[in-house]
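Data block below; observations after.
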Protein chains: 4
Amino acid sequence: MKTIKNPGASSGPHKRGEVLNLRHSARSLHGNPLGDPVERDLYCYVPADYATSQARYPVIYFLTGFTGTGRSMLNFDPFVESMDARLDRLIGSGAMAPSICVLPDCFTRLGGSQYMNSAATGQYEDYLINEIVPLVDEKLRTKPGRDHRGVTGKSSGGYGAMRLAMRKPDVFAAFGTHAGDAYFAYCYLPDFPKFVKGIERHGGVEKFYQHFAALPKKTHEAMDVLNILAMAACYSPDLTRPLGIDLPVHVPSGEIRGEVWKRWEANDPVHMVREHASALQSMKAIFVDAGLRDEFNLQFGARIFCSRLDEIGVKYTHEEFDDTHMSINYRYDRSFVELAKVLA
Amino acid sequence: MKTIKNPGASSGPHKRGEVLNLRHSARSLHGNPLGDPVERDLYCYVPADYATSQARYPVIYFLTGFTGTGRSMLNFDPFVESMDARLDRLIGSGAMAPSICVLPDCFTRLGGSQYMNSAATGQYEDYLINEIVPLVDEKLRTKPGRDHRGVTGKSSGGYGAMRLAMRKPDVFAAFGTHAGDAYFAYCYLPDFPKFVKGIERHGGVEKFYQHFAALPKKTHEAMDVLNILAMAACYSPDLTRPLGIDLPVHVPSGEIRGEVWKRWEANDPVHMVREHASALQSMKAIFVDAGLRDEFNLQFGARIFCSRLDEIGVKYTHEEFDDTHMSINYRYDRSFVELAKVLA
Amino acid sequence: MKTIKNPGASSGPHKRGEVLNLRHSARSLHGNPLGDPVERDLYCYVPADYATSQARYPVIYFLTGFTGTGRSMLNFDPFVESMDARLDRLIGSGAMAPSICVLPDCFTRLGGSQYMNSAATGQYEDYLINEIVPLVDEKLRTKPGRDHRGVTGKSSGGYGAMRLAMRKPDVFAAFGTHAGDAYFAYCYLPDFPKFVKGIERHGGVEKFYQHFAALPKKTHEAMDVLNILAMAACYSPDLTRPLGIDLPVHVPSGEIRGEVWKRWEANDPVHMVREHASALQSMKAIFVDAGLRDEFNLQFGARIFCSRLDEIGVKYTHEEFDDTHMSINYRYDRSFVELAKVLA
Amino acid sequence: MKTIKNPGASSGPHKRGEVLNLRHSARSLHGNPLGDPVERDLYCYVPADYATSQARYPVIYFLTGFTGTGRSMLNFDPFVESMDARLDRLIGSGAMAPSICVLPDCFTRLGGSQYMNSAATGQYEDYLINEIVPLVDEKLRTKPGRDHRGVTGKSSGGYGAMRLAMRKPDVFAAFGTHAGDAYFAYCYLPDFPKFVKGIERHGGVEKFYQHFAALPKKTHEAMDVLNILAMAACYSPDLTRPLGIDLPVHVPSGEIRGEVWKRWEANDPVHMVREHASALQSMKAIFVDAGLRDEFNLQFGARIFCSRLDEIGVKYTHEEFDDTHMSINYRYDRSFVELAKVLA
């Protein structure tokens, strides 16, 4: 078990926890179609008193957004409180019950997995649920069981949290979503034209991907195309197609392909609520937010998701804040605090 | 009959036509719900030899885009060829058969009418078809009859041209559309979130409109909101609603209202093609273009519209160019030339 | 004497003035180096009662900004009050003493003249002072003499107003400047890098200009380059150089050429104040404004100009408003009202 | 001596070096005026064969840009080659002679130090030259002496490299600068208006800084203000002023203060060349680059700096590339290779 200390990161007056790396081989990812690594890091924050106490701790899984990895969540920026310093402060100040925080790595060469099983990317839900969760319970002094386990995250990580909680209420009893992907007509569809332009320019998805992979610098333009391509890999895999991906649009006309769009919508959290009503009703806490200037319009996804929860009589905390989609780490405090409260 | 000469506008070496104003009272607009003026200008360009010859001329109706009027199409910018100088050059150089060009004014307080009849805005299709066309034929030496009459325009004017040609093949035998509104999922839907924000901020459509009307300067932000509001007034009027407009979205959740969206789609040119197949098959010329960087993604609307024409076996000229949606007057040459060729 | 009526422009309940065109041949512009037209329009607004009264009126010269002409100031936008409707309202409501408003055309192929004499562009100060002013006094029922004559304008027109009032206090007794060019280190220098890139890309000023002239659409990028080129033509002409222009920068290194920059600074209003102290002290009204988000930082030019006026004990009205540099016509009310007050 | 391995970072087929942390207490920073930490990390990359060989290695100091620290240069982004993986590849492929690479931390609360001594920020040049260099030579198997020592960096780090090489030719025999700060009239002056707005809005530099420090998210707007404030702290400290900083502009007029600007210019690399001609003539390699779309116009700073080197007969490698100022890590290969060639 490797240990990383962040000697440069300030936790102010608070005692500092530790970040452990439960590096392991991911069976679920063996033979994954993108050839992504099977050896994976698994960074886990344990609170300051972990080493000296015998206590068991609730566990919060924090899922990173698109293009993030477990490790990148630990990056250092002197003007931004780091993940571990944030937890040190929240726990040290008493705002949050002492908890373990796990930072899974479900990255793929396409930028992410949406924490789903997909024939085009790999079995990332299986990996998280069947391997990471048990590994954490085995290696760390967790309070095991769904009642002490929550999941939260930002953007695609918020999506993963909504999705996993709805599908695996036996594993998680609470979830949070910060600007999580929802209401695909607003968060993805407006980027379809850019996507078509990018794919057309490069002569197809395979040539686009080769171009992307070779770029010494991934431009915003290329990232926008990659984003839709990755979502298609997650929501509409089709092994008979190039890269195993059925596109939601015709190239080059741009026309939306109704059948594929339906597959996407089936994965839209706002459309998943009714089917997963009992899972949602079993949650001990739900935290939802988004910024009022979110570039992906996710404040509307959040509002619509919450309106669906209203329809099935589920309580939640819903917050909006005056910010964009980017660099909203300071918001993580909110789901950490709300989840830890019910999981302790 | 008033005459405007543009003394400052250069037509280079070419003889200069004249712009006449057939100002009149528009019966179809009496009692229009927005209280827009009934007295309307009707600027008509006649070629240089009109005054001295006895000839009759084909007529091309040029429809302005959203927020434009007949008069604003004659505005002077020393770095942009004006509409009359453009026609002088095209005709004077022999590129275009001598034609009359009519610049209808179908402006409303909401920014435009989409050249439609709507309970929320007024009877602008009736006005154009039943009043303007006969008036032009009465007052000017036109070659009357659909075979000598075409319609073209830009943006909302391109939309109007597509729409009117499909619905009134007895009136027009050719049409052009420069970056005309089409495929509403790409040209309008991506602005729905902005619209919801704007309406929410001001507390409803009526308060938004009062705010808008009072603005000494119409900001881009306000214009984006107005645009969707005006489209709703055209595509989904409902006199039981504020301003007589049924919105395509819930405010404030942003959720798209399926029934209203269907009303919009019924007015989308790409969805109108099949119903109007025989009208389209009767056209002597169809010209379609859009820029490859159109901010409203109208190059995709154009492609999809053309793919629908393919399905019904209709020929057309389709061009794309490396530019945005804005300031593309230089493209007008193309539809003028193509239409004049078949209408002479 | 030609007359233009704006039949579409609303003046609300107010009586409408007229716009006359004193078209003439400009002696001062004969043989101008750019080959710009010598025949010039001169649009003049006269108040509603001009035709029926025998009264004489004070005169306000309104100078348009870069790329504008006299005629373009009369363009019609249904959402923007036009110049003539604005004057109708101000006069009709009693806010402004009845005045003649003259709209000179000092446009050049480079976009403007800064209302200066320059070996590279032409004798535009001479033209305005020695020809336009006498012509107006001859043809219209003006109250002649400096005490009844003011000059105002926007952007380059505000610059022209400051400059002309400082240099010709015998001609003008009051001036206004809306976001007028001032403090060149902030309004021009930040665009020098763009300028160098543009000139370098096209292989010199002459090739750039040929490229520019041939562009069917003048892009923002090209306009930014033209702007600095035109300013150099005005501030640092040198007939031994290409196009008669000495550039303020080395191409391609971008290094500022100190001697040329000094010539520019000599024309900067903030540096002209001391030399023209007595002229400024003789003004009956000075109005200065700029927006707090001016893209050319002209609010700072305005502040510094006013601080120089303080140093020489001159009174002025200085206003700031929450807007950008663009579409600030609604601000013109302020200088019209302030100037008319002292000129009547 | 702590060791960090980057288990997630790919070096492809190449053997992986190690990153050591020579954490220490910085005497030169004791009592620094901003109260910044005295305990500092010092991350040092050593090549793959360091552990097993007895060899000594040349040393390249890589200086991070504004807002960066030594640690942040080691951040992980799955789509960007990390600093250590870059060096593994360059060395492993034979493109670069095996070298130690040192990542100094000269961060301050204002975002950086420009690697200078300043009464307002601290003695960062002393720290780097008198403490870091000897510490590295003491703790690691370096080839000591200026002939085996080079310095390079990006942005403010490129500035630091130019500055330190010019001032300390006894310490460094080669330097590189990627988009290094130079020609302040283009890289800083255009941001002065934003700076004035920011300082004015918050009521002075102290209140601005308090505001900034408290921001949970540092906005772009705030960072732009901080940048100029930090530069003033470095280039024009004055202990009689708030925060010990003499501003280059009057607030709120924005007028440039000539005496302070002269202090800035004395620190501009393009103005330092002549004074440091013999130091520059003693360099074994100089590498200069910048992107052709650099947002801070640093390609012009690079060109002018090189033109100054021409004047004193100094050879250099100057490259330009089609990119902006941001995310240009892939360019670091160039200075690493060029410096290692002459330092080995």
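Just so we're on the same page: first chain in the structure tokens is A, next is B, and so on; residues restart at 1 for each chain, and ligands are numbered from 1 in the order they show up.
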
Please give the complete set of residues from stretch 42-232 of chain B that DSSP, run on the backbone, assigns to strand (DSSP E or B), formatted as number ranges by chain. B: 43-46, 57, 59-63, 77, 80, 100-103, 117-118, 122-123, 142, 149-154, 174-178

Would you kindly return, as an mmCIF file with N, CA, C and O atoms, in the first residue's frame, each protein, DNA or RNA residue with an atom no farther than 8 Å from any atom of C:Asp84, considering only C-alpha atoms and excluding same-chain residues fewer than 6 positions away?
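out.cif written:
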data_model
loop_
_atom_site.group_PDB
_atom_site.id
_atom_site.type_symbol
_atom_site.label_atom_id
_atom_site.label_comp_id
_atom_site.auth_asym_id
_atom_site.auth_seq_id
_atom_site.Cartn_x
_atom_site.Cartn_y
_atom_site.Cartn_z
ATOM 1 N N GLY C 17 -39.106 66.868 -38.188
ATOM 2 C CA GLY C 17 -38.241 67.720 -38.987
ATOM 3 C C GLY C 17 -37.955 67.076 -40.336
ATOM 4 O O GLY C 17 -38.550 66.063 -40.716
ATOM 5 N N GLU C 18 -37.041 67.683 -41.025
ATOM 6 C CA GLU C 18 -36.717 67.213 -42.360
ATOM 7 C C GLU C 18 -35.209 67.038 -42.442
ATOM 8 O O GLU C 18 -34.452 67.708 -41.735
ATOM 9 N N VAL C 19 -34.780 66.156 -43.350
ATOM 10 C CA VAL C 19 -33.350 66.024 -43.607
ATOM 11 C C VAL C 19 -33.090 66.493 -45.032
ATOM 12 O O VAL C 19 -33.623 65.920 -45.987
ATOM 13 N N TYR C 45 -30.243 68.075 -40.751
ATOM 14 C CA TYR C 45 -31.569 68.010 -40.114
ATOM 15 C C TYR C 45 -32.014 69.428 -39.791
ATOM 16 O O TYR C 45 -31.257 70.204 -39.178
ATOM 17 N N LEU C 74 -27.932 58.064 -40.980
ATOM 18 C CA LEU C 74 -29.395 58.094 -41.156
ATOM 19 C C LEU C 74 -29.983 56.709 -41.388
ATOM 20 O O LEU C 74 -31.172 56.577 -41.678
#

Within 9 Å of chain D, which residues of chain A are there when counting only C-alpha atoms? Please give them as JSON, numbers by chain. {"A": [4, 7, 8, 23, 39, 40, 41, 67, 68, 69, 71, 72, 73, 74, 75, 76, 77, 78, 79, 80, 81, 107, 109, 111, 213, 216, 217, 218, 327, 328, 329, 330]}

Contacts of B:Ile286 within 6 Å, only C-alpha atoms, excl. fewer than 6 positions in-chain, as a list in words: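 My list of contacting residues is Ala174, Phe175, Gly176 and Tyr316 of chain B.
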
Export, as a PDB file, in the first residue's frame, the selected residues with N, CA, C and O atoms.
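Printed below is result.pdb as written:
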ATOM      1  N   ALA B 174     -40.031  29.985 -58.331  1.00  0.00           N
ATOM      2  CA  ALA B 174     -38.620  29.755 -57.995  1.00  0.00           C
ATOM      3  C   ALA B 174     -38.366  30.375 -56.634  1.00  0.00           C
ATOM      4  O   ALA B 174     -39.025  31.343 -56.251  1.00  0.00           O
ATOM      5  N   PHE B 175     -37.420  29.791 -55.917  1.00  0.00           N
ATOM      6  CA  PHE B 175     -37.069  30.425 -54.637  1.00  0.00           C
ATOM      7  C   PHE B 175     -35.602  30.186 -54.292  1.00  0.00           C
ATOM      8  O   PHE B 175     -34.961  29.258 -54.789  1.00  0.00           O
ATOM      9  N   GLY B 176     -35.138  31.062 -53.430  1.00  0.00           N
ATOM     10  CA  GLY B 176     -33.792  30.939 -52.898  1.00  0.00           C
ATOM     11  C   GLY B 176     -33.825  31.104 -51.398  1.00  0.00           C
ATOM     12  O   GLY B 176     -34.747  31.727 -50.843  1.00  0.00           O
ATOM     13  N   TYR B 316     -32.005  21.051 -57.327  1.00  0.00           N
ATOM     14  CA  TYR B 316     -31.740  22.325 -56.648  1.00  0.00           C
ATOM     15  C   TYR B 316     -30.258  22.638 -56.785  1.00  0.00           C
ATOM     16  O   TYR B 316     -29.461  21.763 -57.159  1.00  0.00           O
TER      17      TYR B 316
END

Applying 7 Å and only C-alpha atoms, which residues near stretch 164-166 of chain B remain after dropping the ones on its own chain fewer than 5 positions away? List them as a PyMOL selection string. chain B and resi 172+175+276+279-280

Distance in Å - atom CA of D:Glu259 versus atom CA of C:Val288: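 One can read the atom CA of D:Glu259 to atom CA of C:Val288 distance as 28.5 Å.
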
Selection near A:Pro47, 10 Å with only C-alpha atoms, sequence-local residues under 2 positions removed, as a ChimeraX atom specification: /A:15-19,44-45,49-51,57,84,87-88,91-92,97-101

Extract, using only C-alpha atoms, all DNA, RNA and protein residues at most 6 Å from stretch 149-153 of chain B, discarding same-chain residues fewer than 5 positions from it, and format them as a list in words. Pro58, Val59, Ile60, Tyr61, Phe62, Leu63, Thr64, Gly158, Ala161, Phe172, Ala173, Ala174, Phe175, Gly176 and Thr177 of chain B

Neighbours of stretch 222-233 of chain A within 8 Å (only C-alpha atoms; same-chain residues fewer than 4 positions away dropped), as a list in words? Phe66, Leu110, Gly111, Gly112, Ser113, Gln114, Ser118, Ala120, Thr121, Tyr188, Asp191, Phe192, Lys194, Phe195, Gly198, Ile199, Val205, Tyr209, Phe212, Lys218, Pro237, Gly244, Ile245, Asp246, Leu247, Pro248 and Trp264 of chain A

For the alpha helix (DSSP H) assignment from backbone DSSP, which residues of stretch 23-97 of chain B qualify? Please present them as a CSV table (one decimal) with N, CA and C atoms, in the first residue's frame.
chain,number,residue,atom,x,y,z
B,83,MET,N,-28.0,47.1,-51.5
B,83,MET,CA,-28.9,46.2,-52.3
B,83,MET,C,-29.1,46.8,-53.7
B,84,ASP,N,-29.3,48.1,-53.8
B,84,ASP,CA,-29.6,48.7,-55.1
B,84,ASP,C,-28.3,48.7,-56.0
B,85,ALA,N,-27.2,49.0,-55.4
B,85,ALA,CA,-25.9,49.0,-56.1
B,85,ALA,C,-25.6,47.5,-56.6
B,86,ARG,N,-25.9,46.6,-55.7
B,86,ARG,CA,-25.7,45.2,-56.1
B,86,ARG,C,-26.5,44.8,-57.3
B,87,LEU,N,-27.8,45.2,-57.3
B,87,LEU,CA,-28.7,44.9,-58.5
B,87,LEU,C,-28.2,45.6,-59.7
B,88,ASP,N,-27.8,46.9,-59.5
B,88,ASP,CA,-27.3,47.7,-60.7
B,88,ASP,C,-26.1,46.9,-61.3
B,89,ARG,N,-25.2,46.4,-60.5
B,89,ARG,CA,-24.0,45.7,-61.0
B,89,ARG,C,-24.4,44.4,-61.7
B,90,LEU,N,-25.2,43.6,-61.0
B,90,LEU,CA,-25.6,42.3,-61.5
B,90,LEU,C,-26.3,42.5,-62.9
B,91,ILE,N,-27.2,43.5,-62.9
B,91,ILE,CA,-27.9,43.7,-64.2
B,91,ILE,C,-27.0,44.4,-65.2
B,92,GLY,N,-26.3,45.4,-64.8
B,92,GLY,CA,-25.5,46.2,-65.7
B,92,GLY,C,-24.4,45.3,-66.3
